[in-house]
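Structure file protein-v2.txt (compact mmCIF, C-alpha atoms and all ligand atoms) follows.
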```txt
# COMPACT_ATOMS: atom_id res chain seq x y z
CA LYS C 1 2.55 0.28 22.86
CA GLY C 2 -0.39 2.60 23.02
CA GLY C 3 -2.60 -0.40 23.65
CA GLY C 4 -2.79 -1.55 20.07
CA HIS C 5 -1.40 -4.33 17.94
CA SER C 6 0.82 -3.64 14.99
CA HIS C 7 2.38 -5.58 12.15
CA GLN C 8 6.08 -5.24 11.40
CA ILE C 9 8.04 -6.65 8.48
CA ALA C 10 11.42 -8.28 9.11
CA TYR C 11 13.91 -8.73 6.29
CA PHE C 12 17.01 -10.87 6.68
CA PRO C 13 20.05 -11.42 4.44
CA TYR C 14 20.30 -15.19 4.85
CA PHE C 15 17.97 -18.12 5.20
CA LYS C 16 19.81 -19.17 8.36
CA ASP C 17 18.90 -15.80 9.90
CA ILE C 18 15.23 -16.42 9.15
CA LYS C 19 15.52 -19.79 10.87
CA GLU C 20 17.11 -18.14 13.88
CA PHE C 21 14.39 -15.51 13.96
CA SER C 22 11.72 -18.18 13.72
CA LYS C 23 13.34 -19.96 16.66
CA ALA C 24 13.39 -16.77 18.75
CA LEU C 25 9.77 -16.14 17.82
CA SER C 26 8.68 -19.65 18.72
CA LEU C 27 9.35 -18.85 22.38
CA LEU C 28 7.03 -15.85 22.20
CA VAL C 29 3.94 -17.20 20.42
CA THR C 30 1.67 -20.19 20.92
CA ASN C 31 2.28 -21.82 17.54
CA VAL C 32 4.98 -20.41 15.31
CA THR C 33 3.89 -22.51 12.31
CA LEU C 34 0.54 -20.67 12.09
CA SER C 35 0.17 -17.18 10.70
CA SER C 36 -1.55 -14.34 12.56
CA GLN C 37 -0.22 -15.30 15.97
CA ASN C 38 -0.16 -12.71 18.71
CA CYS C 39 3.30 -11.90 19.94
CA LYS C 40 3.11 -9.99 23.18
CA ILE C 41 6.21 -7.90 22.91
CA SER C 42 6.59 -4.25 22.00
CA ALA C 43 7.68 -3.23 18.51
CA GLN C 44 10.87 -1.91 20.11
CA GLU C 45 11.57 -5.37 21.52
CA ALA C 46 10.79 -6.91 18.13
CA PHE C 47 13.35 -4.56 16.63
CA GLN C 48 15.97 -5.69 19.12
CA ILE C 49 15.45 -9.35 18.23
CA ILE C 50 15.52 -8.66 14.46
CA ASN C 51 18.49 -6.31 14.69
CA LYS C 52 20.54 -8.77 16.72
CA ILE C 53 20.10 -11.41 14.03
CA GLY C 54 21.19 -8.95 11.35
CA GLY C 55 17.82 -8.11 9.88
CA ILE C 56 15.88 -4.91 9.39
CA LEU C 57 12.48 -3.95 10.69
CA ILE C 58 9.97 -1.98 8.66
CA PRO C 59 6.55 -0.99 9.98
CA ALA C 60 3.91 -2.70 7.83
CA HIS C 61 0.90 -0.91 6.28
CA ALA C 62 1.65 1.82 8.77
CA PHE C 63 -1.78 3.48 8.97
CA THR C 64 -4.40 0.71 8.87
CA PRO C 65 -6.94 0.81 11.68
CA HIS C 66 -6.52 -2.57 13.39
CA LYS C 67 -2.89 -3.56 13.15
CA SER C 68 -0.45 -0.77 12.55
CA ILE C 69 1.74 1.64 14.44
CA TYR C 70 -0.04 4.85 13.42
CA GLY C 71 -3.43 3.25 12.93
CA ASN C 72 -4.06 2.09 16.46
CA CYS C 73 -0.92 2.50 18.55
CA VAL C 74 0.61 5.97 18.53
CA ARG C 75 0.64 9.34 16.82
CA ARG C 76 4.42 9.62 16.56
CA LEU C 77 7.16 7.03 16.07
CA PRO C 78 9.33 8.06 19.07
CA GLU C 79 6.46 6.94 21.31
CA ILE C 80 7.31 3.36 20.22
CA PHE C 81 10.93 3.32 19.10
CA SER C 82 14.07 4.68 20.70
CA ARG C 83 16.07 7.34 18.90
CA ALA C 84 18.80 4.83 17.99
CA THR C 85 16.20 2.39 16.65
CA LEU C 86 14.53 5.04 14.51
CA LYS C 87 17.87 5.65 12.80
CA LYS C 88 18.00 1.96 11.87
CA ILE C 89 14.51 1.74 10.43
CA PRO C 90 15.09 2.56 6.76
CA ALA C 91 11.55 2.66 5.42
CA ILE C 92 7.82 2.62 6.07
CA GLU C 93 5.34 0.48 4.18
CA LEU C 94 2.41 2.60 3.05
CA GLY C 95 -0.25 -0.07 2.67
CA LEU C 96 -2.94 -0.20 0.01
CA SER C 97 -5.15 2.58 1.41
CA ALA C 98 -2.45 5.27 1.46
CA ASP C 99 -0.05 6.77 -1.04
CA THR C 100 2.91 9.12 -0.90
CA GLU C 101 0.80 12.23 -1.12
CA ILE C 102 -1.37 11.27 1.84
CA ALA C 103 1.50 9.94 3.98
CA ASP C 104 3.52 13.11 3.48
CA HIS C 105 1.13 14.98 5.76
CA LEU C 106 3.36 13.67 8.54
CA LYS C 107 6.54 15.63 9.04
CA GLU C 108 8.47 12.86 10.76
CA LEU C 109 8.11 10.60 7.70
CA ALA C 110 10.12 12.94 5.48
CA GLU C 111 13.36 11.08 6.17
CA TYR C 112 11.91 7.60 5.49
CA THR C 113 11.74 5.83 2.16
CA PHE C 114 8.22 4.69 1.29
CA LEU C 115 7.61 1.10 0.24
CA THR C 116 4.63 0.06 -1.80
CA ASN C 117 4.47 -3.67 -1.21
CA SER C 118 1.54 -5.77 -2.28
CA ASP C 119 0.89 -7.37 1.15
CA ALA C 120 -0.18 -10.43 -0.85
CA HIS C 121 -1.92 -13.08 1.21
CA SER C 122 -2.62 -15.07 -1.95
CA LEU C 123 -0.81 -15.53 -5.25
CA PRO C 124 -3.00 -13.41 -7.54
CA LYS C 125 -2.43 -10.38 -5.28
CA ILE C 126 1.32 -10.36 -5.85
CA GLY C 127 2.30 -7.27 -7.77
CA ARG C 128 -0.82 -5.24 -7.06
CA GLU C 129 1.69 -2.81 -5.55
CA TYR C 130 5.43 -2.79 -6.13
CA ASN C 131 8.60 -0.70 -6.11
CA ILE C 132 11.08 -0.11 -8.91
CA VAL C 133 14.51 -0.16 -7.36
CA GLU C 134 17.87 0.90 -8.70
CA LEU C 135 20.52 -1.63 -7.66
CA GLU C 136 23.89 -2.82 -8.82
CA LYS C 137 22.98 -6.42 -8.01
CA ALA C 138 19.90 -8.07 -6.61
CA ASN C 139 20.96 -8.81 -3.05
CA PHE C 140 20.15 -7.81 0.51
CA LYS C 141 22.99 -5.36 0.89
CA GLU C 142 21.98 -3.47 -2.23
CA ILE C 143 18.34 -3.36 -1.21
CA LEU C 144 19.30 -1.95 2.16
CA LEU C 145 21.40 0.72 0.44
CA ALA C 146 18.42 1.56 -1.76
CA LEU C 147 16.11 1.93 1.22
CA GLN C 148 18.72 4.15 2.86
CA ARG C 149 19.14 6.04 -0.43
CA LYS C 150 22.91 5.62 -0.28
CA GLU C 151 25.59 5.34 -2.97
CA GLY C 152 23.16 6.10 -5.76
CA ARG C 153 20.87 3.21 -4.85
CA LYS C 154 17.26 4.15 -4.45
CA ILE C 155 13.65 3.46 -5.18
CA ILE C 156 12.92 5.12 -8.49
CA ALA C 157 9.18 4.67 -8.53
CA ASN C 158 6.33 3.42 -6.37
CA TYR C 159 3.42 1.68 -8.04
CA GLY C 160 0.30 1.24 -6.00
CA LEU C 161 -3.44 1.06 -5.96
CA ASP C 162 -5.29 4.30 -6.06
CA PRO C 163 -5.64 4.56 -2.25
CA LYS C 164 -9.40 4.91 -2.64
CA LEU C 165 -9.45 1.26 -3.69
CA GLY C 166 -7.83 0.12 -0.44
CA LYS C 167 -9.89 -1.69 2.18
CA TYR C 168 -9.50 0.95 4.84
CA HIS C 169 -9.29 4.22 2.95
CA ARG C 170 -12.21 5.99 4.63
CA THR C 171 -14.03 5.78 7.94
CA PHE C 172 -16.66 3.05 7.91
CA CYS C 173 -19.76 2.68 10.13
CA GLU C 174 -20.15 -0.75 11.70
CA ILE C 175 -23.82 -0.10 12.44
CA CYS C 176 -25.14 0.93 9.03
CA ASN C 177 -22.17 0.01 6.79
CA TYR C 178 -21.82 3.54 5.47
CA THR C 179 -18.44 4.67 4.15
CA ALA C 180 -17.64 8.33 4.83
CA THR C 181 -17.49 10.73 1.92
CA SER C 182 -16.99 14.17 3.47
CA ASN C 183 -13.62 15.74 4.18
CA PRO C 184 -11.39 13.76 6.53
CA PRO C 185 -11.07 13.27 9.42
CA VAL C 186 -14.47 11.67 10.03
CA TYR C 187 -14.95 10.24 13.53
CA LYS C 188 -18.68 9.53 13.50
CA CYS C 189 -21.01 8.00 10.95
CA GLU C 190 -22.28 10.72 8.66
CA LYS C 191 -25.48 8.81 8.09
CA CYS C 192 -26.65 7.38 11.43
CA GLY C 193 -24.42 9.32 13.85
CA SER C 194 -22.94 6.20 15.45
CA ASP C 195 -19.39 6.31 16.78
CA LYS C 196 -18.96 2.58 16.25
CA ILE C 197 -16.65 3.13 13.34
CA VAL C 198 -13.54 1.73 11.76
CA LYS C 199 -11.38 4.76 11.19
CA GLY C 200 -10.13 5.23 7.65
CA VAL C 201 -6.44 5.50 6.82
CA PHE C 202 -7.01 8.85 5.12
CA ASP C 203 -9.00 10.05 8.14
CA ARG C 204 -6.31 8.90 10.57
CA ILE C 205 -3.47 10.56 8.67
CA ILE C 206 -5.32 13.86 8.46
CA GLU C 207 -6.18 13.54 12.16
CA ILE C 208 -2.56 13.16 13.25
CA GLY C 209 -0.88 15.00 10.37
CA ASP C 210 1.32 18.08 10.76
CA TYR C 211 0.51 19.69 7.45
CA GLN C 212 -2.72 20.98 5.95
CA GLN C 213 -1.28 20.27 2.53
CA SER C 214 0.99 17.35 1.83
CA ILE C 215 4.68 18.28 1.64
CA SER C 216 6.97 15.69 0.05
CA PRO C 217 10.74 15.83 0.52
CA SER C 218 12.81 16.17 -2.65
CA HIS C 219 14.05 12.56 -2.52
CA ARG C 220 10.53 11.16 -2.96
CA PRO C 221 10.18 9.19 -6.22
CA PRO C 222 7.01 9.46 -8.33
CA TYR C 223 4.02 7.42 -7.22
CA TYR C 224 1.99 5.83 -9.97
CA HIS C 225 -1.56 4.78 -9.27
CA GLN C 226 -2.79 1.60 -10.85
CA VAL C 227 -6.14 -0.12 -10.96
CA PRO C 228 -5.58 -3.89 -10.98
CA LEU C 229 -7.57 -5.71 -13.64
CA GLU C 230 -9.81 -7.39 -11.07
CA PHE C 231 -11.22 -3.93 -10.27
CA VAL C 232 -11.89 -2.97 -13.87
CA PRO C 233 -15.58 -3.21 -14.81
CA GLY C 234 -16.39 -6.00 -17.22
CA VAL C 235 -13.23 -7.97 -16.56
CA GLY C 236 -14.16 -11.46 -15.37
CA LYS C 237 -12.17 -14.66 -15.29
CA LYS C 238 -12.64 -15.45 -18.97
CA THR C 239 -11.54 -12.00 -20.05
CA LEU C 240 -8.56 -12.14 -17.71
CA ASN C 241 -7.39 -15.38 -19.26
CA LYS C 242 -7.75 -14.01 -22.77
CA LEU C 243 -5.75 -10.93 -21.80
CA PHE C 244 -3.01 -12.94 -20.11
CA ASP C 245 -2.76 -15.33 -23.05
CA TYR C 246 -2.16 -12.45 -25.38
CA PHE C 247 -0.18 -9.92 -23.33
CA GLY C 248 1.61 -12.19 -20.86
CA THR C 249 1.56 -10.02 -17.74
CA GLU C 250 -0.90 -7.77 -15.97
CA MET C 251 1.63 -4.92 -15.97
CA ASN C 252 1.86 -5.11 -19.74
CA ILE C 253 -1.89 -4.74 -19.96
CA LEU C 254 -2.21 -2.01 -17.32
CA HIS C 255 0.68 0.17 -18.45
CA LYS C 256 1.79 -0.67 -21.97
CA ALA C 257 -0.73 -2.28 -24.31
CA SER C 258 -2.45 0.15 -26.66
CA TYR C 259 -6.18 0.72 -26.85
CA GLN C 260 -6.24 -0.84 -30.30
CA GLU C 261 -4.42 -3.96 -29.19
CA ILE C 262 -6.58 -4.50 -26.12
CA SER C 263 -9.80 -3.90 -28.00
CA ARG C 264 -8.80 -6.45 -30.62
CA VAL C 265 -8.49 -9.07 -27.89
CA VAL C 266 -11.42 -8.27 -25.58
CA GLY C 267 -13.51 -5.61 -27.27
CA PHE C 268 -13.60 -1.82 -27.11
CA GLU C 269 -15.59 -1.40 -23.93
CA ILE C 270 -13.09 -3.20 -21.72
CA ALA C 271 -10.21 -1.62 -23.62
CA GLN C 272 -11.72 1.77 -22.87
CA ASN C 273 -12.01 0.99 -19.16
CA ILE C 274 -8.41 -0.17 -18.99
CA ILE C 275 -7.17 2.98 -20.69
CA LEU C 276 -9.36 5.21 -18.52
CA ALA C 277 -7.96 3.41 -15.47
CA ARG C 278 -4.42 4.01 -16.74
CA LYS C 279 -5.14 7.71 -17.09
CA GLY C 280 -6.75 7.94 -13.67
CA LEU C 281 -10.09 8.87 -15.21
CA LEU C 282 -12.32 6.20 -13.69
CA ASN C 283 -14.64 7.30 -10.92
CA LEU C 284 -13.85 5.44 -7.73
CA SER C 285 -15.92 5.02 -4.60
CA PRO C 286 -13.68 4.61 -1.58
CA GLY C 287 -13.17 1.44 0.41
CA GLY C 288 -13.59 1.22 4.18
CA GLY C 289 -14.06 -1.20 7.06
CA GLY C 290 -12.31 -4.04 5.26
CA LYS C 291 -14.12 -3.66 1.94
CA TYR C 292 -12.17 -2.67 -1.14
CA GLY C 293 -13.11 0.47 -3.02
CA LYS C 294 -14.89 0.11 -6.33
CA VAL C 295 -14.95 1.56 -9.77
CA LYS C 296 -18.25 3.40 -10.10
CA LYS C 297 -20.46 2.34 -12.94
CA LYS C 298 -19.92 5.02 -15.52
CA GLU C 299 -22.48 6.89 -17.52
CA LYS C 300 -22.33 5.42 -20.98
CA ILE C 301 -19.75 7.22 -23.03
CA SER C 302 -21.43 8.05 -26.31
CA GLY C 303 -19.99 6.97 -29.64
CA ASP C 304 -18.93 10.52 -30.39
CA LYS C 305 -17.23 11.07 -27.09
CA ASN C 306 -15.62 7.70 -27.50
CA LEU C 307 -13.97 8.85 -30.70
CA GLN C 308 -12.72 11.99 -29.01
CA LEU C 309 -10.83 10.02 -26.40
CA ASN C 310 -7.46 10.05 -27.98
CA PHE C 311 -5.94 6.69 -27.16
ZN ZN C 401 -0.30 -7.11 8.11
ZN ZN C 402 -23.90 4.56 10.42
```

Please express what this file holds, its structure, as structure tokens.
Ligand SMILES: [Zn+2]
Ligand SMILES: [Zn+2]
Amino acid sequence: KGGGHSHQIAYFPYFKDIKEFSKALSLLVTNVTLSSQNCKISAQEAFQIINKIGGILIPAHAFTPHKSIYGNCVRRLPEIFSRATLKKIPAIELGLSADTEIADHLKELAEYTFLTNSDAHSLPKIGREYNIVELEKANFKEILLALQRKEGRKIIANYGLDPKLGKYHRTFCEICNYTATSNPPVYKCEKCGSDKIVKGVFDRIIEIGDYQQSISPSHRPPYYHQVPLEFVPGVGKKTLNKLFDYFGTEMNILHKASYQEISRVVGFEIAQNIILARKGLLNLSPGGGGKYGKVKKKEKISGDKNLQLNF
């Protein structure tokens, strides 16, 4: 709808449902065993297939420029989905280039739960974004209740990349590879004036948003930004292995380990960067056009200043 392609996520309670879905899908694509196949049905029709099998549909990375409902299909959900369908969609996946604050410029999203999934296409990317969910048991029914925020079930926190690090955060020029830096929305390259651009997620949301300032509904859980270790300056493969050997998991390192502990394992400079990342104090240059954002090389923190940082 709206001329664009979009990705949707389908969740099912049972493996047999997934098989049934796969069978239904095989009639609609050229080769169901390959990923990234085009399926020429509307998202509303996709919903009908998923819903009939007992699954739920959630729009994936809802604002990215090439393959998402807001990114390149429509400005408002009712342009794609019927009223009854919208009631059955429990959540929206934010994607790496957006966060709660940015997404809550859209009024119609107030009723939806936000998911911060990692959209991992390879193993090391699992957990770069995640949700902390309050459930009685780990099963489909409980997860659905949590997404619907019913019976005390809910998402208690979203953990995600600082959206600046996402691949499509700002508008990107395909002619001179410049990533926009001025206030969104940017529709034309600020450097060469070309309109051959890949629109940024931030730019798109501000373009179609209802609010000047983000307004989050009261049910919104906190959103914690994290900078995965692969983005932290000075952290290469060897360092990563040392850190994992000692601390076990990336989340331990990003959110729990103390400055002293980390610096004992990999030295004070990397420890400092990890702690600065945790506190949101690293300078980031935004991603765009399919390239991740980066941590800017910092001015050397002097010994004195270093001591003043109270880790
Ligand atoms: Zn996708
Ligand atoms: Zn340009």

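Interatomic distance, atom CA of C:Arg75 against atom CA of C:Asn177: 26.6 Å.
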
Can you tell me which residues sit at most 7 Å away from ligand ZN 401 (chain C), counting all atoms listed in the file, written as a PDB file with C-alpha atoms, keeping the file's coordinate frame?
```pdb
ATOM      1  CA  HIS C   7       2.380  -5.580  12.150  1.00  0.00           C
ATOM      2  CA  ALA C  60       3.910  -2.700   7.830  1.00  0.00           C
ATOM      3  CA  HIS C  61       0.900  -0.910   6.280  1.00  0.00           C
ATOM      4  CA  LYS C  67      -2.890  -3.560  13.150  1.00  0.00           C
TER       5      LYS C  67
END
```

Any idea what the distance is between atom CA of C:Ser26 and atom CA of C:Cys39? 9.5 Å

Return as an mmCIF file with C-alpha atoms, in the frame of the given file the residues of protein, DNA or RNA that approach ligand ZN 402 (chain C) to within 6 Å, with only C-alpha atoms and all ligand atoms taken into account.
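Just written: pocket-v9.cif:
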```cif
data_model
loop_
_atom_site.group_PDB
_atom_site.id
_atom_site.type_symbol
_atom_site.label_atom_id
_atom_site.label_comp_id
_atom_site.auth_asym_id
_atom_site.auth_seq_id
_atom_site.Cartn_x
_atom_site.Cartn_y
_atom_site.Cartn_z
ATOM 1 C CA CYS C 173 -19.760 2.680 10.130
ATOM 2 C CA ILE C 175 -23.820 -0.100 12.440
ATOM 3 C CA CYS C 176 -25.140 0.930 9.030
ATOM 4 C CA TYR C 178 -21.820 3.540 5.470
ATOM 5 C CA CYS C 189 -21.010 8.000 10.950
ATOM 6 C CA LYS C 191 -25.480 8.810 8.090
ATOM 7 C CA CYS C 192 -26.650 7.380 11.430
ATOM 8 C CA GLY C 193 -24.420 9.320 13.850
ATOM 9 C CA SER C 194 -22.940 6.200 15.450
#
```

Near-stretch 256-260 of chain C list (12 Å; only C-alpha atoms; drop same-chain fewer than 3 positions) as a short mmCIF file (atom, residue, chain, number, x, y, z; two decimals) with C-alpha atoms, in the frame of the given file:
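The result, stored in around20.cif:
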```
data_model
loop_
_atom_site.label_atom_id
_atom_site.label_comp_id
_atom_site.auth_asym_id
_atom_site.auth_seq_id
_atom_site.Cartn_x
_atom_site.Cartn_y
_atom_site.Cartn_z
CA LEU C 243 -5.75 -10.93 -21.80
CA PHE C 244 -3.01 -12.94 -20.11
CA TYR C 246 -2.16 -12.45 -25.38
CA PHE C 247 -0.18 -9.92 -23.33
CA GLY C 248 1.61 -12.19 -20.86
CA THR C 249 1.56 -10.02 -17.74
CA GLU C 250 -0.90 -7.77 -15.97
CA MET C 251 1.63 -4.92 -15.97
CA ASN C 252 1.86 -5.11 -19.74
CA ILE C 253 -1.89 -4.74 -19.96
CA SER C 263 -9.80 -3.90 -28.00
CA ARG C 264 -8.80 -6.45 -30.62
CA VAL C 265 -8.49 -9.07 -27.89
CA VAL C 266 -11.42 -8.27 -25.58
CA GLY C 267 -13.51 -5.61 -27.27
CA PHE C 268 -13.60 -1.82 -27.11
CA GLU C 269 -15.59 -1.40 -23.93
CA ILE C 270 -13.09 -3.20 -21.72
CA ALA C 271 -10.21 -1.62 -23.62
CA GLN C 272 -11.72 1.77 -22.87
CA ASN C 273 -12.01 0.99 -19.16
CA ILE C 274 -8.41 -0.17 -18.99
CA ILE C 275 -7.17 2.98 -20.69
CA LEU C 276 -9.36 5.21 -18.52
CA ALA C 277 -7.96 3.41 -15.47
CA ARG C 278 -4.42 4.01 -16.74
CA LYS C 279 -5.14 7.71 -17.09
CA ASN C 306 -15.62 7.70 -27.50
CA LEU C 307 -13.97 8.85 -30.70
CA LEU C 309 -10.83 10.02 -26.40
CA ASN C 310 -7.46 10.05 -27.98
CA PHE C 311 -5.94 6.69 -27.16
#
```

Of the candidates C:Glu230, C:Asp17, C:Asp210, C:Asp162, which one gets nearest to C:Leu109 if we count all atoms listed in the file?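 Smallest separation from C:Leu109 among the options: C:Asp210.
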
Sorted per-residue table, stretch 10-121 of chain C near stretch 147-150 of chain C, closest atoms and distance, 7 Å, all atoms listed in the file, as JSON lines:
```
{"residue": "C:Pro90", "atom": "CA", "partner": "C:Gln148", "partner_atom": "CA", "distance": 5.6}
{"residue": "C:Ala91", "atom": "CA", "partner": "C:Leu147", "partner_atom": "CA", "distance": 6.2}
{"residue": "C:Thr113", "atom": "CA", "partner": "C:Leu147", "partner_atom": "CA", "distance": 5.9}
```

What's the separation between atom CA of C:Ile58 and atom CA of C:Ala110, in Å to one decimal place?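 That distance, rounded to one decimal, is 15.3 Å.
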
Using only C-alpha atoms, which of the listed residues (C:Pro228, C:Pro221, C:Gly3, C:Gly166) sits closest to C:Val133? C:Pro221

With all atoms listed in the file as the atoms that count, which of C:Gly209, C:Gly288, C:Pro184, C:Gly71 lies nearest to C:Lys164?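 Nearest candidate to C:Lys164 out of C:Gly209, C:Gly288, C:Pro184, C:Gly71: C:Gly288.
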
Within 8 Å of file point (8.6, 0.5, -8.0), counting all atoms listed in the file, expressed as a ChimeraX atom specification: /C:116,130-133,155-159

Selected residue, from C:Leu96, C:Ile18, C:Ala103, C:Ile56, that lies nearest to C:Lys141 when counting all atoms listed in the file: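 Going through C:Leu96, C:Ile18, C:Ala103, C:Ile56 one by one, the smallest distance to C:Lys141 is for C:Ile56.
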
Find, counting only C-alpha atoms, the residue in C:Gly287, C:Gly95, C:Gly234, C:Pro185 that gets nearest to C:Ile206.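 Of all the options, C:Pro185 lies closest to C:Ile206.
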
Given all atoms listed in the file as the basis, pick out the residue of C:Thr33, C:Gly4, C:Ala120, C:Glu129 nearest to C:Ser68.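 Using all atoms listed in the file, the shortest distance to C:Ser68 belongs to C:Gly4.
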
Residues within 12 Å of C:Thr100, all atoms listed in the file, excluding chain neighbours under 6 positions, as a PDB file with C-alpha atoms, keeping the file's coordinate frame:
```
ATOM      1  CA  ILE C  92       7.820   2.620   6.070  1.00  0.00           C
ATOM      2  CA  GLU C  93       5.340   0.480   4.180  1.00  0.00           C
ATOM      3  CA  LEU C  94       2.410   2.600   3.050  1.00  0.00           C
ATOM      4  CA  LEU C 106       3.360  13.670   8.540  1.00  0.00           C
ATOM      5  CA  LEU C 109       8.110  10.600   7.700  1.00  0.00           C
ATOM      6  CA  ALA C 110      10.120  12.940   5.480  1.00  0.00           C
ATOM      7  CA  TYR C 112      11.910   7.600   5.490  1.00  0.00           C
ATOM      8  CA  THR C 113      11.740   5.830   2.160  1.00  0.00           C
ATOM      9  CA  PHE C 114       8.220   4.690   1.290  1.00  0.00           C
ATOM     10  CA  LEU C 115       7.610   1.100   0.240  1.00  0.00           C
ATOM     11  CA  THR C 116       4.630   0.060  -1.800  1.00  0.00           C
ATOM     12  CA  ALA C 157       9.180   4.670  -8.530  1.00  0.00           C
ATOM     13  CA  ASN C 158       6.330   3.420  -6.370  1.00  0.00           C
ATOM     14  CA  TYR C 159       3.420   1.680  -8.040  1.00  0.00           C
ATOM     15  CA  GLY C 160       0.300   1.240  -6.000  1.00  0.00           C
ATOM     16  CA  LEU C 161      -3.440   1.060  -5.960  1.00  0.00           C
ATOM     17  CA  ASP C 162      -5.290   4.300  -6.060  1.00  0.00           C
ATOM     18  CA  PRO C 163      -5.640   4.560  -2.250  1.00  0.00           C
ATOM     19  CA  PHE C 202      -7.010   8.850   5.120  1.00  0.00           C
ATOM     20  CA  ILE C 205      -3.470  10.560   8.670  1.00  0.00           C
ATOM     21  CA  SER C 214       0.990  17.350   1.830  1.00  0.00           C
ATOM     22  CA  ILE C 215       4.680  18.280   1.640  1.00  0.00           C
ATOM     23  CA  SER C 216       6.970  15.690   0.050  1.00  0.00           C
ATOM     24  CA  PRO C 217      10.740  15.830   0.520  1.00  0.00           C
ATOM     25  CA  HIS C 219      14.050  12.560  -2.520  1.00  0.00           C
ATOM     26  CA  ARG C 220      10.530  11.160  -2.960  1.00  0.00           C
ATOM     27  CA  PRO C 221      10.180   9.190  -6.220  1.00  0.00           C
ATOM     28  CA  PRO C 222       7.010   9.460  -8.330  1.00  0.00           C
ATOM     29  CA  TYR C 223       4.020   7.420  -7.220  1.00  0.00           C
ATOM     30  CA  TYR C 224       1.990   5.830  -9.970  1.00  0.00           C
ATOM     31  CA  HIS C 225      -1.560   4.780  -9.270  1.00  0.00           C
TER      32      HIS C 225
END
```

Which residues are close to C:Lys88, i.e. within 9 Å by all atoms listed in the file, leaving aside same-chain residues fewer than 3 positions away? Reply as a ChimeraX atom specification. /C:51,56-57,84-85

Mind listing as number ranges by chain all residues within 6 Å of (-11.6, 9.6, 14.2), counting all atoms listed in the file? C: 186-187, 199
